[in-house]
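Just upload.pdb here, PDB, C-alpha atoms:
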```pdb
ATOM      1  CA  MET A  27     -16.052 -11.935   6.993
ATOM      2  CA  LEU A  28     -14.557 -14.636   4.784
ATOM      3  CA  LYS A  29     -15.891 -12.853   1.704
ATOM      4  CA  ASN A  30     -14.134  -9.629   2.767
ATOM      5  CA  LEU A  31     -10.885 -11.530   3.404
ATOM      6  CA  LEU A  32     -10.950 -13.021  -0.066
ATOM      7  CA  CYS A  33     -12.087  -9.796  -1.769
ATOM      8  CA  SER A  34      -9.430  -7.669  -0.075
ATOM      9  CA  PHE A  35      -6.682 -10.005  -1.283
ATOM     10  CA  ILE A  36      -8.100 -10.224  -4.820
ATOM     11  CA  PHE A  37      -8.592  -6.442  -5.050
ATOM     12  CA  HIS A  38      -5.069  -5.770  -3.830
ATOM     13  CA  THR A  39      -3.601  -8.311  -6.260
ATOM     14  CA  LEU A  40      -5.525  -6.791  -9.188
ATOM     15  CA  ILE A  41      -4.388  -3.269  -8.288
ATOM     16  CA  VAL A  42      -0.756  -4.426  -8.102
ATOM     17  CA  ILE A  43      -1.035  -6.192 -11.468
ATOM     18  CA  LEU A  44      -2.626  -3.108 -13.059
ATOM     19  CA  SER A  45       0.141  -0.964 -11.542
ATOM     20  CA  ILE A  46       2.822  -3.192 -13.052
ATOM     21  CA  ILE A  47       1.087  -3.054 -16.456
ATOM     22  CA  LEU A  48       0.794   0.731 -16.240
ATOM     23  CA  ILE A  49       4.483   1.103 -15.392
ATOM     24  CA  PHE A  50       5.467  -1.130 -18.315
ATOM     25  CA  ILE A  51       3.267   0.932 -20.650
ATOM     26  CA  VAL A  52       4.808   4.181 -19.413
ATOM     27  CA  ILE A  53       8.371   2.836 -19.669
ATOM     28  CA  SER A  54       7.804   1.181 -23.075
ATOM     29  CA  ASN A  55       6.615   4.529 -24.433
ATOM     30  CA  LYS A  56       9.906   5.992 -23.224
ATOM     31  CA  LEU A  57       8.160   8.225 -20.729
ATOM     32  CA  TYR A  58       9.824   8.796 -17.392
ATOM     33  CA  PRO A  59       7.437   7.728 -14.624
ATOM     34  CA  GLY A  60       8.375  10.683 -12.474
ATOM     35  CA  PRO A  61       6.617  12.358  -9.581
ATOM     36  CA  LEU A  62       4.084  14.026 -11.879
ATOM     37  CA  ILE A  63       2.762  10.567 -12.745
ATOM     38  CA  SER A  64       3.505   8.414  -9.691
ATOM     39  CA  ILE A  65       2.230  10.689  -6.909
ATOM     40  CA  PRO A  66      -1.191  11.369  -8.529
ATOM     41  CA  PHE A  67      -1.388   7.665  -9.404
ATOM     42  CA  SER A  68      -0.862   6.756  -5.725
ATOM     43  CA  ILE A  69      -3.518   9.254  -4.676
ATOM     44  CA  ILE A  70      -5.985   7.749  -7.174
ATOM     45  CA  VAL A  71      -5.131   4.248  -5.915
ATOM     46  CA  THR A  72      -5.768   5.437  -2.344
ATOM     47  CA  PHE A  73      -9.292   6.488  -3.315
ATOM     48  CA  ILE A  74      -9.798   3.185  -5.148
ATOM     49  CA  TYR A  75      -8.896   1.280  -1.970
ATOM     50  CA  ILE A  76     -11.295   3.444   0.050
ATOM     51  CA  PHE A  77     -14.053   2.859  -2.528
ATOM     52  CA  LEU A  78     -13.427  -0.905  -2.545
ATOM     53  CA  GLY A  79     -13.571  -0.919   1.257
ATOM     54  CA  TYR A  80     -16.854   0.965   1.073
ATOM     55  CA  LYS A  81     -18.269  -1.745  -1.204
ATOM     56  CA  MET A  82     -17.381  -4.578   1.209
ATOM     57  CA  ASN A  83     -19.761  -6.087   3.769
ATOM     58  CA  LEU A  84     -20.012  -4.592   7.255
ATOM     59  CA  ASN A  85     -19.387  -6.825  10.261
ATOM     60  CA  ARG A  86     -20.781  -6.607  13.784
ATOM     61  CA  ASN A  87     -18.045  -4.337  15.083
ATOM     62  CA  ILE A  88     -15.045  -2.275  14.031
ATOM     63  CA  SER A  89     -12.444  -4.844  15.072
ATOM     64  CA  LEU A  90     -14.067  -7.529  12.903
ATOM     65  CA  ASP A  91     -14.097  -5.067  10.010
ATOM     66  CA  LEU A  92     -10.386  -4.477  10.436
ATOM     67  CA  LEU A  93      -9.699  -8.192  10.728
ATOM     68  CA  SER A  94     -11.811  -8.958   7.652
ATOM     69  CA  ILE A  95      -9.682  -6.838   5.321
ATOM     70  CA  SER A  96      -6.275  -7.489   6.903
ATOM     71  CA  VAL A  97      -5.052 -10.096   4.400
ATOM     72  CA  PRO A  98      -3.003  -7.678   2.229
ATOM     73  CA  SER A  99      -1.221  -6.316   5.311
ATOM     74  CA  VAL A 100      -0.610  -9.739   6.835
ATOM     75  CA  ILE A 101       0.842 -11.181   3.626
ATOM     76  CA  GLY A 102       2.952  -8.073   3.057
ATOM     77  CA  SER A 103       4.225  -8.144   6.639
ATOM     78  CA  ILE A 104       5.165 -11.826   6.352
ATOM     79  CA  LEU A 105       7.034 -11.040   3.141
ATOM     80  CA  PHE A 106       8.745  -8.086   4.814
ATOM     81  CA  PHE A 107       9.825  -9.959   7.956
ATOM     82  CA  ASP A 108      11.030 -12.950   5.944
ATOM     83  CA  ILE A 109      13.468 -10.717   4.074
ATOM     84  CA  PHE A 110      14.205  -8.562   7.108
ATOM     85  CA  PHE A 111      15.266 -11.414   9.397
ATOM     86  CA  SER A 112      16.832 -13.688   6.784
ATOM     87  CA  GLU A 113      19.178 -10.933   5.581
ATOM     88  CA  GLY A 114      19.872  -9.418   9.017
ATOM     89  CA  PHE A 115      18.705  -5.872   8.331
ATOM     90  CA  SER A 116      17.840  -3.299  10.955
ATOM     91  CA  PHE A 117      14.990  -0.801  10.752
ATOM     92  CA  THR A 118      17.448   2.042  10.207
ATOM     93  CA  THR A 119      19.525   0.393   7.462
ATOM     94  CA  GLN A 120      19.186   2.530   4.364
ATOM     95  CA  ILE A 121      18.283   0.432   1.352
ATOM     96  CA  THR A 122      20.844   1.239  -1.308
ATOM     97  CA  GLU A 123      20.828   0.095  -4.929
ATOM     98  CA  GLN A 124      23.055  -2.842  -3.970
ATOM     99  CA  LEU A 125      20.519  -4.026  -1.374
ATOM    100  CA  SER A 126      17.376  -3.264  -3.368
ATOM    101  CA  GLY A 127      17.325  -6.715  -4.986
ATOM    102  CA  PHE A 128      16.482  -8.277  -1.634
ATOM    103  CA  TRP A 129      13.463  -5.993  -1.325
ATOM    104  CA  LEU A 130      12.112  -6.477  -4.873
ATOM    105  CA  SER A 131       9.223  -8.690  -3.770
ATOM    106  CA  VAL A 132       8.201  -6.115  -1.119
ATOM    107  CA  HIS A 133       8.421  -3.335  -3.728
ATOM    108  CA  LEU A 134       6.252  -5.281  -6.158
ATOM    109  CA  TYR A 135       3.729  -6.302  -3.517
ATOM    110  CA  ASN A 136       3.233  -2.683  -2.510
ATOM    111  CA  LEU A 137       3.969  -1.047  -5.847
ATOM    112  CA  PRO A 138       1.072   1.459  -5.993
ATOM    113  CA  PHE A 139       2.381   3.270  -2.903
ATOM    114  CA  ARG A 140       6.067   2.436  -3.114
ATOM    115  CA  ILE A 141       6.690   4.280  -6.395
ATOM    116  CA  ALA A 142       5.331   7.506  -4.932
ATOM    117  CA  PHE A 143       7.610   7.163  -1.901
ATOM    118  CA  LEU A 144      10.607   6.530  -4.143
ATOM    119  CA  HIS A 145       9.896   9.699  -6.128
ATOM    120  CA  ILE A 146       9.252  11.786  -3.026
ATOM    121  CA  ASP A 147      12.583  10.527  -1.683
ATOM    122  CA  TYR A 148      14.234  11.475  -4.978
ATOM    123  CA  LEU A 149      12.793  14.995  -4.718
ATOM    124  CA  LEU A 150      14.129  15.309  -1.165
ATOM    125  CA  THR A 151      17.700  14.232  -2.012
ATOM    126  CA  ASN A 152      18.891  17.836  -2.223
ATOM    127  CA  ASN A 153      18.455  18.089   1.547
ATOM    128  CA  SER A 154      21.323  16.086   3.052
ATOM    129  CA  ILE A 155      19.598  15.729   6.447
ATOM    130  CA  ILE A 156      16.639  13.758   5.112
ATOM    131  CA  LYS A 157      18.348  12.171   2.111
ATOM    132  CA  GLY A 158      17.217   8.579   1.769
ATOM    133  CA  SER A 159      14.971   8.736   4.804
ATOM    134  CA  LEU A 160      12.059   7.208   2.887
ATOM    135  CA  ASN A 161      14.221   4.285   1.802
ATOM    136  CA  LEU A 162      14.323   2.605   5.208
ATOM    137  CA  PRO A 163      12.820  -0.782   6.092
ATOM    138  CA  ILE A 164      10.551   0.833   8.701
ATOM    139  CA  ILE A 165       8.986   2.946   5.912
ATOM    140  CA  PHE A 166       8.492  -0.231   3.858
ATOM    141  CA  LEU A 167       6.685  -1.833   6.798
ATOM    142  CA  ILE A 168       4.449   1.201   7.257
ATOM    143  CA  THR A 169       3.504   1.416   3.571
ATOM    144  CA  ILE A 170       2.638  -2.300   3.533
ATOM    145  CA  GLN A 171      -0.219  -1.460   5.907
ATOM    146  CA  PHE A 172      -1.736   1.170   3.563
ATOM    147  CA  PRO A 173      -4.010  -1.096   1.445
ATOM    148  CA  SER A 174      -5.762  -2.585   4.475
ATOM    149  CA  LEU A 175      -5.860   0.782   6.223
ATOM    150  CA  PHE A 176      -7.580   2.494   3.297
ATOM    151  CA  MET A 177     -10.047  -0.366   2.802
ATOM    152  CA  TRP A 178     -10.853  -0.167   6.521
ATOM    153  CA  ILE A 179     -11.450   3.597   6.178
ATOM    154  CA  GLY A 180     -13.927   2.807   3.378
ATOM    155  CA  LEU A 181     -15.685   0.279   5.606
ATOM    156  CA  GLU A 182     -15.903   2.804   8.436
ATOM    157  CA  ILE A 183     -17.350   5.461   6.105
ATOM    158  CA  LYS A 184     -19.990   2.906   5.164
ATOM    159  CA  ARG A 185     -20.608   2.141   8.873
ATOM    160  CA  PHE A 186     -20.945   5.847   9.648
ATOM    161  CA  LYS A 187     -23.444   6.369   6.807
ATOM    162  CA  TYR A 188     -25.378   3.247   7.824
ATOM    163  CA  TYR A 189     -25.735   4.355  11.450
ATOM    164  CA  LYS A 190     -26.491   7.924  10.432
ATOM    165  CA  THR A 191     -29.368   6.838   8.180
ATOM    166  CA  SER A 192     -30.684   4.165  10.574
ATOM    167  CA  LYS A 193     -31.017   6.692  13.426
ATOM    168  CA  ASN A 194     -33.169   8.971  11.265
ATOM    169  CA  TYR A 195     -35.967   6.370  11.056
TER     170      TYR A 195
END
```
For this file, write the structure as structure tokens.
Amino acid sequence: MLKNLLCSFIFHTLIVILSIILIFIVISNKLYPGPLISIPFSIIVTFIYIFLGYKMNLNRNISLDLLSISVPSVIGSILFFDIFFSEGFSFTTQITEQLSGFWLSVHLYNLPFRIAFLHIDYLLTNNSIIKGSLNLPIIFLITIQFPSLFMWIGLEIKRFKYYKTSKNY
């Protein structure tokens, strides 16, 4: 379990660092990192998280599996709630450009998924009813859970395959 805790944090940190490097490469080449780049990138990262979860060690039960890869979500949630409570936000406060500086650490910590949400929100801005709806703190909190969720899905795929093959013998 301790190995999974450490690996999940290291894997998440490496993916965030690679995401930052990729964004700097795209921006330095004067390419706009629009939805055609960011959304497929987030989908690829999702499959990477699932694959990394698949490669981790199984525990005795599902709840221990979930606990063993929860470090990225716990750290992200602590970061989120620190900013959330210290600045007095509410879950329905839209994060404008003036307020985005407060949330920079949350954006960076969850960069692989956050850039896709920002571009989806940009594409939806023509509809005034849902304009900015993906730029709410509650959406930030939900996306912070994605890395651990996808690693857990990978672990459960591994569990399913393990039990499927062990019953055939």
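Using the PyMOL selection byres ((chain A and resi 83) around 8) on the file at hand returns these residues: Met27, Asn30, Lys81, Met82, Leu84, Asn85 and Leu181 of chain A.
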Using only C-alpha atoms, which of A:Phe111, A:Phe143, A:Tyr80, A:Phe35 sits nearest Lys187 of chain A?
A:Tyr80
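Atom CA of Val132 of chain A is positioned 16.4 Å from atom CA of Leu44 of chain A.
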Proximity check segment 36-59 of chain A to segment 90-105 of chain A, 12 Å, nearest pairs one decimal Å, all atoms listed in the file, as JSON lines:
```
{"residue": "A:Ile36", "atom": "CA", "partner": "A:Pro98", "partner_atom": "CA", "distance": 9.1}
{"residue": "A:Phe37", "atom": "CA", "partner": "A:Pro98", "partner_atom": "CA", "distance": 9.3}
{"residue": "A:His38", "atom": "CA", "partner": "A:Pro98", "partner_atom": "CA", "distance": 6.7}
{"residue": "A:Thr39", "atom": "CA", "partner": "A:Pro98", "partner_atom": "CA", "distance": 8.5}
{"residue": "A:Leu40", "atom": "CA", "partner": "A:Pro98", "partner_atom": "CA", "distance": 11.7}
{"residue": "A:Ile41", "atom": "CA", "partner": "A:Pro98", "partner_atom": "CA", "distance": 11.5}
{"residue": "A:Val42", "atom": "CA", "partner": "A:Pro98", "partner_atom": "CA", "distance": 11.1}
```
Save the residues we just selected, C-alpha atoms, as an mmCIF file, in the frame of the given file?
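As a result, selection-v9.cif now contains:
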```cif
data_model
loop_
_atom_site.group_PDB
_atom_site.id
_atom_site.type_symbol
_atom_site.label_atom_id
_atom_site.label_comp_id
_atom_site.auth_asym_id
_atom_site.auth_seq_id
_atom_site.Cartn_x
_atom_site.Cartn_y
_atom_site.Cartn_z
ATOM 1 C CA ILE A 36 -8.100 -10.224 -4.820
ATOM 2 C CA PHE A 37 -8.592 -6.442 -5.050
ATOM 3 C CA HIS A 38 -5.069 -5.770 -3.830
ATOM 4 C CA THR A 39 -3.601 -8.311 -6.260
ATOM 5 C CA LEU A 40 -5.525 -6.791 -9.188
ATOM 6 C CA ILE A 41 -4.388 -3.269 -8.288
ATOM 7 C CA VAL A 42 -0.756 -4.426 -8.102
#
```
What does the distance between atom CA of Ser64 of chain A and atom CA of Phe176 of chain A come to in Å, to one decimal place?
18.1 Å
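Each of A:Leu130, A:Leu48, A:Leu175, A:Leu31 was compared to Phe106 of chain A using only C-alpha atoms, and A:Leu130 turns out to be the nearest.
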For the provided coordinates, the residues matched by the PyMOL selection byres ((chain A and resi 71) around 12) should be stated as a PyMOL selection string.
chain A and resi 37-38+40-42+44-45+64-70+72-78+136-142+172-173+176-177
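Going from atom CA of Arg185 of chain A to atom CA of Gly79 of chain A covers 10.8 Å.
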Exercise on segment 185-193 of chain A, axis-aligned box with 4 Å per side, report centre and edge lengths in Å to one decimal, as JSON:
```
{"center_x": -25.8, "center_y": 5.0, "center_z": 10.1, "size_x": 18.4, "size_y": 13.8, "size_z": 14.6}
```
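Proximity ranking of A:Pro163, A:Ile88, A:Val52, A:Ser112 relative to Ile183 of chain A places A:Ile88 first, based on all atoms listed in the file.
The smallest atom-to-atom distance between Ile170 of chain A and any of A:Leu28, A:Lys190, A:Leu134, A:Cys33, using all atoms listed in the file, is found for A:Leu134.
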